[in-house]
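Coordinates from upload-v7.txt are shown below (compact mmCIF, C-alpha atoms).
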```txt
# COMPACT_ATOMS: atom_id res chain seq x y z
CA MET A 27 -42.59 -15.14 10.95
CA ALA A 28 -40.80 -11.92 10.08
CA ILE A 29 -37.05 -11.90 10.43
CA GLU A 30 -35.68 -10.71 13.76
CA ALA A 31 -32.17 -9.45 14.37
CA SER A 32 -29.88 -8.12 17.06
CA TYR A 33 -26.42 -6.58 16.88
CA THR A 34 -23.67 -5.65 19.31
CA LYS A 35 -19.93 -5.06 19.39
CA VAL A 36 -17.11 -5.03 21.93
CA LYS A 37 -13.50 -3.88 21.91
CA VAL A 38 -10.84 -6.61 22.02
CA THR A 39 -7.80 -4.37 21.58
CA PRO A 40 -4.67 -6.12 22.96
CA PRO A 41 -2.24 -4.59 25.42
CA LEU A 42 1.06 -3.29 24.12
CA GLY A 43 3.78 -5.89 24.42
CA LEU A 44 2.08 -8.63 22.41
CA ARG A 45 3.72 -9.66 19.15
CA LEU A 46 1.92 -8.87 15.91
CA GLY A 47 1.13 -11.60 13.40
CA GLY A 48 1.37 -12.05 9.67
CA TYR A 49 4.76 -10.57 8.83
CA ALA A 50 8.11 -12.27 9.37
CA HIS A 51 9.95 -8.98 8.88
CA ARG A 52 8.73 -7.83 12.31
CA LEU A 53 11.17 -10.37 13.77
CA GLY A 54 9.18 -11.17 16.88
CA LYS A 55 9.04 -7.58 18.11
CA PRO A 56 6.08 -6.56 20.28
CA ALA A 57 3.54 -3.91 19.34
CA ARG A 58 4.64 -0.39 20.27
CA GLU A 59 1.46 1.56 19.58
CA ILE A 60 -2.25 1.26 18.88
CA HIS A 61 -3.30 2.85 15.60
CA ASP A 62 -6.95 1.90 16.02
CA ASP A 63 -9.00 -0.42 18.20
CA LEU A 64 -9.82 -4.01 17.34
CA TYR A 65 -13.41 -5.19 17.76
CA ALA A 66 -15.63 -8.23 17.91
CA ARG A 67 -18.98 -7.65 16.20
CA LEU A 68 -21.95 -9.98 16.59
CA LEU A 69 -25.08 -10.20 14.46
CA MET A 70 -27.93 -12.55 15.32
CA LEU A 71 -30.59 -13.41 12.75
CA THR A 72 -33.76 -15.35 13.54
CA THR A 73 -36.39 -16.64 11.12
CA ALA A 74 -39.08 -19.28 11.33
CA ASP A 75 -36.53 -21.75 9.92
CA ALA A 76 -33.35 -21.16 11.87
CA GLU A 77 -31.22 -18.95 14.07
CA VAL A 78 -27.65 -17.90 13.32
CA VAL A 79 -25.03 -15.73 14.98
CA ILE A 80 -22.21 -14.24 12.90
CA VAL A 81 -19.20 -13.24 14.98
CA GLN A 82 -16.63 -11.09 13.18
CA LEU A 83 -13.27 -10.48 14.84
CA ASP A 84 -10.52 -8.04 13.87
CA LEU A 85 -7.95 -10.81 14.19
CA LEU A 86 -5.40 -12.60 12.01
CA GLY A 87 -7.36 -15.84 12.27
CA LEU A 88 -8.34 -18.61 14.67
CA TYR A 89 -7.49 -22.28 14.77
CA ARG A 90 -10.39 -24.68 15.12
CA GLN A 91 -10.06 -25.23 18.87
CA ASP A 92 -10.07 -21.47 19.57
CA ALA A 93 -12.97 -20.82 17.22
CA LEU A 94 -14.79 -23.70 18.90
CA MET A 95 -14.32 -22.03 22.30
CA ILE A 96 -16.01 -18.90 20.98
CA ARG A 97 -18.76 -20.84 19.21
CA GLU A 98 -19.58 -22.75 22.39
CA ALA A 99 -19.54 -19.57 24.51
CA VAL A 100 -21.88 -17.80 22.09
CA SER A 101 -24.12 -20.85 21.86
CA LYS A 102 -24.40 -21.01 25.64
CA ALA A 103 -25.14 -17.28 25.88
CA THR A 104 -27.79 -17.18 23.14
CA GLY A 105 -29.28 -20.67 22.92
CA VAL A 106 -28.32 -20.83 19.24
CA GLU A 107 -26.88 -24.24 18.42
CA ARG A 108 -23.10 -24.29 18.09
CA GLY A 109 -23.13 -25.28 14.43
CA ASN A 110 -25.09 -22.13 13.64
CA VAL A 111 -22.45 -19.84 15.15
CA ILE A 112 -20.12 -18.55 12.43
CA VAL A 113 -16.80 -17.10 13.65
CA ALA A 114 -14.98 -15.06 11.01
CA SER A 115 -11.65 -13.26 11.28
CA THR A 116 -10.76 -10.34 9.01
CA HIS A 117 -7.12 -11.54 8.74
CA THR A 118 -5.62 -8.18 9.59
CA HIS A 119 -1.83 -8.54 9.75
CA SER A 120 -1.69 -5.99 12.57
CA ALA A 121 -3.26 -8.09 15.32
CA PRO A 122 -1.65 -10.63 17.68
CA GLU A 123 -0.32 -13.99 16.53
CA THR A 124 -3.52 -15.96 17.07
CA ILE A 125 -2.27 -18.20 14.25
CA ILE A 126 1.23 -18.99 12.95
CA PRO A 127 3.55 -17.44 15.54
CA MET A 128 6.52 -16.49 13.37
CA TRP A 129 10.07 -17.83 13.89
CA PRO A 130 8.86 -20.52 16.34
CA ASN A 131 12.28 -22.16 16.72
CA THR A 132 14.51 -19.13 16.17
CA LEU A 133 12.61 -16.59 18.29
CA PRO A 134 10.34 -18.59 20.61
CA TYR A 135 7.97 -16.89 23.02
CA SER A 136 9.19 -16.26 26.55
CA GLU A 137 7.04 -17.40 29.47
CA GLY A 138 6.03 -13.80 30.08
CA GLU A 139 4.98 -13.29 26.46
CA ARG A 140 2.94 -16.50 26.49
CA ARG A 141 1.25 -15.52 29.75
CA LEU A 142 0.37 -12.06 28.41
CA TYR A 143 -1.07 -13.61 25.24
CA ASP A 144 -3.11 -16.22 27.12
CA GLU A 145 -4.56 -13.59 29.45
CA TRP A 146 -5.57 -11.38 26.53
CA PHE A 147 -7.12 -14.20 24.49
CA SER A 148 -9.02 -15.52 27.49
CA GLY A 149 -10.36 -12.00 27.86
CA VAL A 150 -11.45 -11.97 24.22
CA VAL A 151 -13.50 -15.13 24.73
CA GLY A 152 -15.03 -13.66 27.87
CA LYS A 153 -15.89 -10.35 26.19
CA VAL A 154 -17.50 -12.09 23.22
CA SER A 155 -19.50 -14.28 25.58
CA GLU A 156 -20.72 -11.23 27.51
CA ALA A 157 -21.60 -9.40 24.30
CA ALA A 158 -23.54 -12.45 23.07
CA ARG A 159 -25.85 -12.18 26.07
CA GLU A 160 -27.02 -8.83 24.72
CA LEU A 161 -28.29 -10.58 21.58
CA ASN A 162 -31.14 -12.33 23.35
CA GLY A 163 -33.43 -9.33 22.91
CA THR A 164 -34.05 -9.45 19.17
CA GLY A 165 -36.19 -6.99 17.25
CA LYS A 166 -38.11 -7.10 13.98
CA ALA A 167 -35.83 -6.32 11.09
CA GLU A 168 -35.83 -5.51 7.40
CA VAL A 169 -33.17 -7.16 5.25
CA ALA A 170 -32.02 -6.15 1.80
CA VAL A 171 -29.05 -6.82 -0.48
CA GLY A 172 -27.03 -5.13 -3.15
CA ILE A 173 -23.76 -5.48 -5.01
CA GLY A 174 -21.22 -2.71 -5.48
CA GLU A 175 -18.08 -2.73 -7.59
CA ALA A 176 -14.66 -1.61 -6.38
CA GLY A 177 -12.08 -1.86 -9.15
CA GLY A 178 -8.40 -1.04 -9.43
CA LEU A 179 -7.68 -1.44 -5.72
CA CYS A 180 -6.10 -4.91 -5.63
CA PHE A 181 -4.07 -7.26 -7.82
CA ASN A 182 -3.34 -10.96 -8.22
CA ARG A 183 0.11 -11.39 -6.71
CA SER A 184 0.58 -14.99 -7.86
CA PHE A 185 -0.53 -14.86 -11.50
CA LYS A 186 0.60 -11.78 -13.41
CA GLY A 187 -2.44 -10.02 -14.80
CA GLY A 188 -4.58 -12.72 -13.21
CA LEU A 189 -8.12 -12.68 -11.89
CA VAL A 190 -9.40 -10.38 -9.16
CA ASP A 191 -12.88 -10.14 -7.66
CA GLU A 192 -14.10 -6.54 -7.71
CA GLU A 193 -17.58 -7.29 -6.34
CA LEU A 194 -18.60 -5.85 -3.00
CA PRO A 195 -21.73 -7.77 -1.93
CA ILE A 196 -23.72 -6.07 0.82
CA LEU A 197 -26.42 -7.33 3.17
CA VAL A 198 -28.11 -4.57 5.16
CA VAL A 199 -30.13 -5.36 8.26
CA LYS A 200 -32.32 -2.55 9.55
CA ILE A 201 -33.44 -2.78 13.18
CA GLY A 202 -35.55 0.24 14.04
CA ASN A 203 -33.38 3.24 13.19
CA ARG A 204 -30.15 1.23 13.13
CA ARG A 205 -28.57 -0.08 9.95
CA ILE A 206 -25.95 -2.83 10.02
CA ALA A 207 -24.15 -3.61 6.76
CA LEU A 208 -22.50 -7.00 6.28
CA LEU A 209 -19.76 -6.54 3.65
CA ASN A 210 -17.64 -9.04 1.74
CA TYR A 211 -14.53 -8.08 -0.25
CA ALA A 212 -11.55 -10.07 -1.53
CA CYS A 213 -8.30 -8.33 -0.64
CA HIS A 214 -5.66 -9.13 1.98
CA PRO A 215 -5.72 -6.67 4.92
CA VAL A 216 -1.94 -6.15 4.77
CA CYS A 217 -1.51 -2.38 4.29
CA ASN A 218 -0.12 -1.62 7.74
CA THR A 219 3.37 -3.14 8.13
CA ASP A 220 4.74 -1.38 11.24
CA LEU A 221 4.57 -2.30 14.93
CA GLY A 222 1.15 -0.84 15.62
CA PHE A 223 -2.10 -2.70 16.24
CA SER A 224 -4.68 -1.96 13.55
CA ALA A 225 -7.77 -3.43 11.94
CA ASP A 226 -6.16 -2.33 8.66
CA TYR A 227 -8.43 -1.16 5.81
CA PRO A 228 -11.56 -2.93 7.16
CA GLY A 229 -11.21 -0.69 10.21
CA VAL A 230 -11.20 2.37 7.96
CA VAL A 231 -14.38 1.09 6.28
CA TYR A 232 -15.96 0.64 9.69
CA GLU A 233 -15.08 4.13 10.93
CA SER A 234 -16.08 5.81 7.68
CA LEU A 235 -19.50 4.14 7.57
CA LEU A 236 -20.04 4.72 11.28
CA GLY A 237 -19.63 8.43 10.59
CA ARG A 238 -22.51 8.08 8.14
CA GLY A 239 -24.72 6.31 10.66
CA VAL A 240 -24.11 2.75 9.44
CA GLU A 241 -22.58 -0.03 11.55
CA SER A 242 -20.63 -2.56 9.51
CA ILE A 243 -19.34 -6.11 9.73
CA PHE A 244 -16.48 -6.87 7.34
CA ILE A 245 -16.10 -10.45 6.11
CA THR A 246 -12.87 -10.98 4.15
CA GLY A 247 -13.34 -12.78 0.84
CA ALA A 248 -11.31 -15.31 -1.17
CA THR A 249 -8.04 -13.42 -0.83
CA GLY A 250 -5.40 -16.16 -0.95
CA ASP A 251 -3.59 -14.60 -3.90
CA ILE A 252 -4.98 -11.05 -3.77
CA ASP A 253 -3.13 -8.04 -2.30
CA PRO A 254 -3.77 -4.28 -2.29
CA VAL A 255 -1.94 -2.54 -5.14
CA ARG A 256 0.11 -0.63 -2.56
CA LYS A 257 0.92 -0.87 1.13
CA GLY A 258 1.33 1.72 3.84
CA ARG A 259 -1.09 3.52 6.09
CA GLY A 260 -1.83 6.13 3.44
CA TYR A 261 -3.11 3.50 1.03
CA MET A 262 -4.90 1.75 3.88
CA GLY A 263 -6.98 4.89 4.31
CA TYR A 264 -7.58 5.24 0.58
CA LEU A 265 -8.67 1.62 0.18
CA GLY A 266 -11.00 1.76 3.16
CA GLU A 267 -12.58 5.07 2.14
CA SER A 268 -13.02 3.80 -1.42
CA LEU A 269 -14.95 0.76 -0.23
CA ALA A 270 -17.03 2.84 2.16
CA SER A 271 -18.01 5.16 -0.70
CA VAL A 272 -19.13 2.18 -2.78
CA VAL A 273 -21.28 0.98 0.10
CA VAL A 274 -22.92 4.39 0.51
CA ASN A 275 -23.71 4.51 -3.21
CA VAL A 276 -25.31 1.06 -3.09
CA LEU A 277 -27.47 1.79 -0.04
CA GLY A 278 -29.99 3.63 -2.22
CA SER A 279 -30.53 0.69 -4.56
CA LEU A 280 -30.90 -2.27 -2.18
CA ARG A 281 -33.51 -4.95 -2.86
CA PRO A 282 -35.42 -6.84 -0.15
CA ILE A 283 -34.82 -10.57 0.18
CA GLY A 284 -36.85 -13.42 1.57
CA HIS A 285 -36.65 -14.74 5.11
CA THR A 286 -36.04 -18.43 4.43
CA MET A 287 -32.81 -19.38 6.19
CA ASP A 288 -30.67 -22.51 6.32
CA VAL A 289 -27.24 -23.30 7.76
CA VAL A 290 -25.24 -26.29 6.51
CA ASN A 291 -21.89 -27.43 7.87
CA ILE A 292 -19.75 -29.56 5.56
CA GLY A 293 -17.11 -31.86 7.04
CA LEU A 294 -13.81 -31.70 5.16
CA ARG A 295 -10.76 -33.95 5.34
CA LEU A 296 -7.93 -32.20 3.52
CA PRO A 297 -4.70 -34.05 2.62
CA ALA A 298 -1.63 -32.43 4.14
CA ARG A 299 2.09 -32.68 3.52
CA VAL A 300 4.23 -34.54 6.06
CA VAL A 301 7.91 -33.73 6.66
CA ASP A 302 10.79 -35.88 7.89
CA GLY A 303 11.78 -34.42 11.26
CA GLU A 304 15.49 -35.29 11.19
CA LEU A 305 16.04 -33.83 7.72
CA ALA A 306 14.03 -30.73 8.60
CA ARG A 307 16.04 -30.16 11.76
CA ALA A 308 19.34 -30.56 9.89
CA ARG A 309 18.28 -28.04 7.25
CA TYR A 310 17.13 -25.61 9.92
CA GLU A 311 20.35 -25.85 11.93
CA GLU A 312 22.41 -25.32 8.79
CA ALA A 313 20.39 -22.24 7.82
CA LEU A 314 20.57 -20.85 11.35
CA LYS A 315 24.35 -21.32 11.45
CA ARG A 316 24.70 -19.44 8.19
CA VAL A 317 22.62 -16.47 9.40
CA MET A 318 24.37 -16.34 12.77
CA GLY A 319 27.68 -16.35 10.93
CA LYS A 320 26.73 -13.10 9.24
CA GLY A 321 25.68 -11.41 12.48
CA GLY A 322 22.24 -12.93 13.06
CA LEU A 323 18.83 -11.46 12.38
CA PRO A 324 18.45 -7.66 12.37
CA ASN A 325 17.68 -6.02 15.71
CA GLU A 326 14.75 -4.06 14.31
CA PRO A 327 11.97 -4.91 11.83
CA ALA A 328 13.50 -5.05 8.37
CA GLU A 329 11.56 -5.60 5.16
CA SER A 330 14.97 -6.04 3.50
CA ILE A 331 15.02 -9.64 4.72
CA TRP A 332 12.79 -10.55 1.77
CA ALA A 333 15.71 -9.77 -0.56
CA ASP A 334 18.24 -11.83 1.39
CA GLU A 335 18.33 -15.51 0.42
CA ASP A 336 19.92 -16.55 3.74
CA TYR A 337 17.11 -15.00 5.78
CA LEU A 338 14.48 -16.54 3.53
CA ARG A 339 16.13 -19.93 3.80
CA LEU A 340 16.14 -19.63 7.59
CA MET A 341 12.48 -18.59 7.69
CA TYR A 342 11.33 -21.48 5.52
CA SER A 343 13.56 -24.05 7.20
CA ASP A 344 12.20 -22.84 10.55
CA GLU A 345 8.70 -23.37 9.13
CA GLU A 346 9.58 -26.78 7.72
CA TYR A 347 10.98 -27.84 11.08
CA ALA A 348 7.77 -26.67 12.76
CA VAL A 349 5.65 -28.58 10.21
CA SER A 350 7.71 -31.72 10.85
CA LYS A 351 6.43 -31.75 14.43
CA VAL A 352 2.86 -32.23 13.14
CA SER A 353 2.39 -35.88 12.17
CA GLU A 354 -1.19 -35.85 10.83
CA ALA A 355 -1.44 -36.52 7.10
CA ASN A 356 -4.96 -35.06 6.99
CA ILE A 357 -6.57 -31.92 8.36
CA ASP A 358 -10.13 -32.37 9.59
CA THR A 359 -12.13 -29.18 9.34
CA GLU A 360 -15.41 -27.83 7.99
CA ALA A 361 -16.93 -25.29 5.65
CA THR A 362 -20.26 -23.59 6.32
CA LEU A 363 -23.07 -22.41 4.04
CA LEU A 364 -25.63 -19.85 5.13
CA ARG A 365 -28.64 -19.19 2.90
CA LEU A 366 -30.89 -16.23 3.61
CA GLY A 367 -33.49 -15.83 0.89
CA ASP A 368 -31.51 -15.69 -2.36
CA LEU A 369 -28.31 -14.62 -0.63
CA LEU A 370 -25.64 -17.28 -0.06
CA LEU A 371 -22.64 -17.03 2.26
CA VAL A 372 -19.97 -19.70 1.70
CA ALA A 373 -17.51 -19.76 4.61
CA ILE A 374 -14.17 -21.54 4.17
CA PRO A 375 -11.70 -22.35 6.99
CA GLY A 376 -8.53 -21.04 5.40
CA GLU A 377 -7.26 -18.87 2.58
CA PRO A 378 -9.02 -19.80 -0.67
CA PHE A 379 -7.69 -18.29 -3.88
CA VAL A 380 -9.78 -15.79 -5.80
CA GLU A 381 -10.10 -18.36 -8.60
CA THR A 382 -11.89 -20.67 -6.17
CA GLY A 383 -14.11 -17.87 -4.93
CA LEU A 384 -15.15 -16.83 -8.44
CA ALA A 385 -15.89 -20.45 -9.39
CA ILE A 386 -18.14 -20.80 -6.34
CA LYS A 387 -19.94 -17.57 -7.19
CA SER A 388 -20.47 -18.73 -10.77
CA ARG A 389 -22.01 -22.00 -9.63
CA ALA A 390 -24.27 -20.17 -7.16
CA VAL A 391 -25.53 -17.86 -9.92
CA GLU A 392 -26.31 -20.89 -12.10
CA LEU A 393 -28.44 -22.26 -9.26
CA GLY A 394 -30.38 -19.03 -8.82
CA PHE A 395 -28.69 -17.12 -6.02
CA ARG A 396 -28.83 -13.37 -6.57
CA VAL A 397 -25.97 -12.47 -4.23
CA THR A 398 -23.11 -14.71 -3.11
CA MET A 399 -20.45 -13.99 -0.53
CA VAL A 400 -17.37 -16.22 -0.30
CA ALA A 401 -15.51 -15.80 2.98
CA GLY A 402 -12.18 -17.12 4.20
CA TYR A 403 -10.79 -17.46 7.73
CA VAL A 404 -14.02 -18.85 9.18
CA ASN A 405 -14.29 -21.30 12.12
CA ASP A 406 -10.73 -22.58 11.56
CA TYR A 407 -7.46 -21.81 9.82
CA VAL A 408 -5.91 -24.48 7.59
CA GLY A 409 -3.62 -22.08 5.74
CA TYR A 410 -3.62 -21.35 2.03
CA ILE A 411 -5.69 -23.59 -0.21
CA PRO A 412 -3.76 -23.06 -3.46
CA THR A 413 -5.01 -24.08 -6.88
CA LYS A 414 -3.06 -26.70 -8.83
CA ALA A 415 -1.66 -23.92 -11.02
CA SER A 416 -0.06 -22.42 -7.92
CA PHE A 417 1.72 -25.68 -7.18
CA ILE A 418 2.85 -26.02 -10.80
CA MET A 419 4.26 -22.48 -10.80
CA ASN A 420 5.67 -22.87 -7.27
CA THR A 421 4.16 -19.60 -6.08
CA TYR A 422 4.72 -18.29 -2.56
CA GLU A 423 1.36 -19.63 -1.35
CA ALA A 424 2.19 -23.21 -2.35
CA ARG A 425 5.64 -23.30 -0.72
CA LEU A 426 5.64 -25.54 2.36
CA ALA A 427 5.08 -23.73 5.66
CA ARG A 428 2.55 -23.85 8.48
CA TRP A 429 0.48 -21.45 6.39
CA SER A 430 0.68 -23.88 3.45
CA ARG A 431 0.37 -27.51 4.50
CA VAL A 432 -2.36 -28.88 2.24
CA THR A 433 -1.55 -30.77 -0.95
CA GLU A 434 -2.53 -29.79 -4.49
CA GLU A 435 -5.62 -32.00 -4.24
CA ALA A 436 -7.16 -29.96 -1.41
CA GLU A 437 -8.58 -27.10 -3.48
CA GLY A 438 -10.47 -29.50 -5.75
CA LEU A 439 -11.90 -31.31 -2.73
CA VAL A 440 -13.10 -28.06 -1.16
CA ARG A 441 -14.57 -26.84 -4.43
CA GLY A 442 -16.36 -30.13 -5.09
CA GLU A 443 -17.86 -30.38 -1.61
CA VAL A 444 -19.04 -26.77 -1.73
CA PHE A 445 -20.57 -27.24 -5.18
CA ASN A 446 -22.55 -30.25 -3.96
CA ALA A 447 -23.70 -28.41 -0.85
CA ILE A 448 -24.87 -25.38 -2.85
CA LYS A 449 -26.95 -27.64 -5.07
CA ASN A 450 -28.52 -29.31 -2.06
CA ILE A 451 -29.18 -26.16 -0.06
CA LYS A 452 -30.96 -24.51 -3.00
```
Mind turning this structure into structure tokens?
Amino acid sequence: MAIEASYTKVKVTPPLGLRLGGYAHRLGKPAREIHDDLYARLLMLTTADAEVVIVQLDLLGLYRQDALMIREAVSKATGVERGNVIVASTHTHSAPETIIPMWPNTLPYSEGERRLYDEWFSGVVGKVSEAARELNGTGKAEVAVGIGEAGGLCFNRSFKGGLVDEELPILVVKIGNRRIALLNYACHPVCNTDLGFSADYPGVVYESLLGRGVESIFITGATGDIDPVRKGRGYMGYLGESLASVVVNVLGSLRPIGHTMDVVNIGLRLPARVVDGELARARYEEALKRVMGKGGLPNEPAESIWADEDYLRLMYSDEEYAVSKVSEANIDTEATLLRLGDLLLVAIPGEPFVETGLAIKSRAVELGFRVTMVAGYVNDYVGYIPTKASFIMNTYEARLARWSRVTEEAEGLVRGEVFNAIKNIK
């Protein structure tokens, strides 16, 4: 059986008034403008062996229960089994707080804010479900892969002069006259820092390639410790255009791949840190009193809070207090492997470090895979998965918060389980 494919997309742009996620310096302020639309993009692939649907969302991330809602809706709409629905977020920091609402104790959501968020997210699930129904009419497709290189755009923020991953793996699916490029790149989408909704640099890639007649699906790589070398909307445009140019250059040298396809889901139980609630509350109240004594938090977004030890102490004590309300000492989640010919996609439910991603790619090459994509923020969000070196050096990503709950053993567990699964799937 030849491979069949179908693709569609739908806007999921939020209404103004929702808070943006990913940056504490926004201080709970709602979005004031829309720089560019947010989308959900869906690609269905069918071979004689399996069917899979990849759902890519221009969102900060999704917790397991929310990703599960979307997986079940897509499964019902397409007939593809739920375990073969892969839901990936780009992790743009200019989308709503679908994960980690900031300042949960200091600046909690009002009833009106919560209602507005719930209505929007319910609409996202509904729109994705409707879009999935369009995937039932698949067409014969040609699939090919290539690897570009995009250097000098990002840096390792945790380890000075440390590793980066400059590969830009590309899977192109051609359906009739349409070309859909699945891209994978390891860099945090954190260029835009203001109060405007934006898909960040992946959105620039999308628009640039669309102008050249190519649809694209951006899957964010192992970016836990990788940032763009600069921030701001100007650099956002430069980064996105640079990646789009690499893609265009690679399109002429793609190589066909086979149609054998497998999907494997790997259950993971990751050890998590547990916090004493009374001590956490006392530390939070002390930090809050100190900040209120100096006039409270700024009235407007202020990146200067990063340089103020009192604000930082309040932010982390707020986080610690929030973590203390979660009693589970383990996080149950899953990773997913998708093999298509000699291409391998390894999807991880959190923020793996680039060191983890490169190790996975190296093992995949040893086992004969020509192209490997390592993706974070897929099917769940467990926060950063720091390497042991990060814990030893006490980097930002290892400091306790809701975005960093796992222990130093977690990365090794993820790496080991993925290594075993790669060996078995090959």
8 Å per side around stretch 444-452 of chain A: axis-aligned box centre and edge lengths, as lines of an AutoDock Vina configuration file:
```
center_x = -25.0
center_y = -27.4
center_z = -2.6
size_x = 27.9
size_y = 21.7
size_z = 21.1
```
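Note that atom CA of A:Glu137 and atom CA of A:Leu323 are 21.6 Å apart.
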Report summary line: Of A:Ala436, A:Ala313, A:Val36, A:Leu371, the one sitting nearest A:Ala114 when using all atoms listed in the file is A:Leu371
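If you look at atom CA of A:Glu160 and atom CA of A:Ile112, they are 17.1 Å away from each other.
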Show which residues sit within 9 Å of A:Val190, as a short mmCIF file (atom, residue, chain, number, x, y, z; two decimals) with C-alpha atoms, in the frame of the given file. Count only C-alpha atoms, and ignore same-chain residues fewer than 2 positions away.
```
data_model
loop_
_atom_site.label_atom_id
_atom_site.label_comp_id
_atom_site.auth_asym_id
_atom_site.auth_seq_id
_atom_site.Cartn_x
_atom_site.Cartn_y
_atom_site.Cartn_z
CA GLY A 177 -12.08 -1.86 -9.15
CA CYS A 180 -6.10 -4.91 -5.63
CA PHE A 181 -4.07 -7.26 -7.82
CA ASN A 182 -3.34 -10.96 -8.22
CA GLY A 187 -2.44 -10.02 -14.80
CA GLY A 188 -4.58 -12.72 -13.21
CA GLU A 192 -14.10 -6.54 -7.71
CA ALA A 212 -11.55 -10.07 -1.53
CA CYS A 213 -8.30 -8.33 -0.64
CA THR A 249 -8.04 -13.42 -0.83
CA ASP A 251 -3.59 -14.60 -3.90
CA ILE A 252 -4.98 -11.05 -3.77
CA VAL A 380 -9.78 -15.79 -5.80
CA GLU A 381 -10.10 -18.36 -8.60
CA LEU A 384 -15.15 -16.83 -8.44
#
```
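With all atoms listed in the file as the atoms that count, the minimum distance from A:Pro228 to the choices A:Lys315, A:His214, A:Lys257, A:Lys166 is reached by A:His214.
Atom CA of A:Asn131 is found 7.5 Å from atom CA of A:Ala348.
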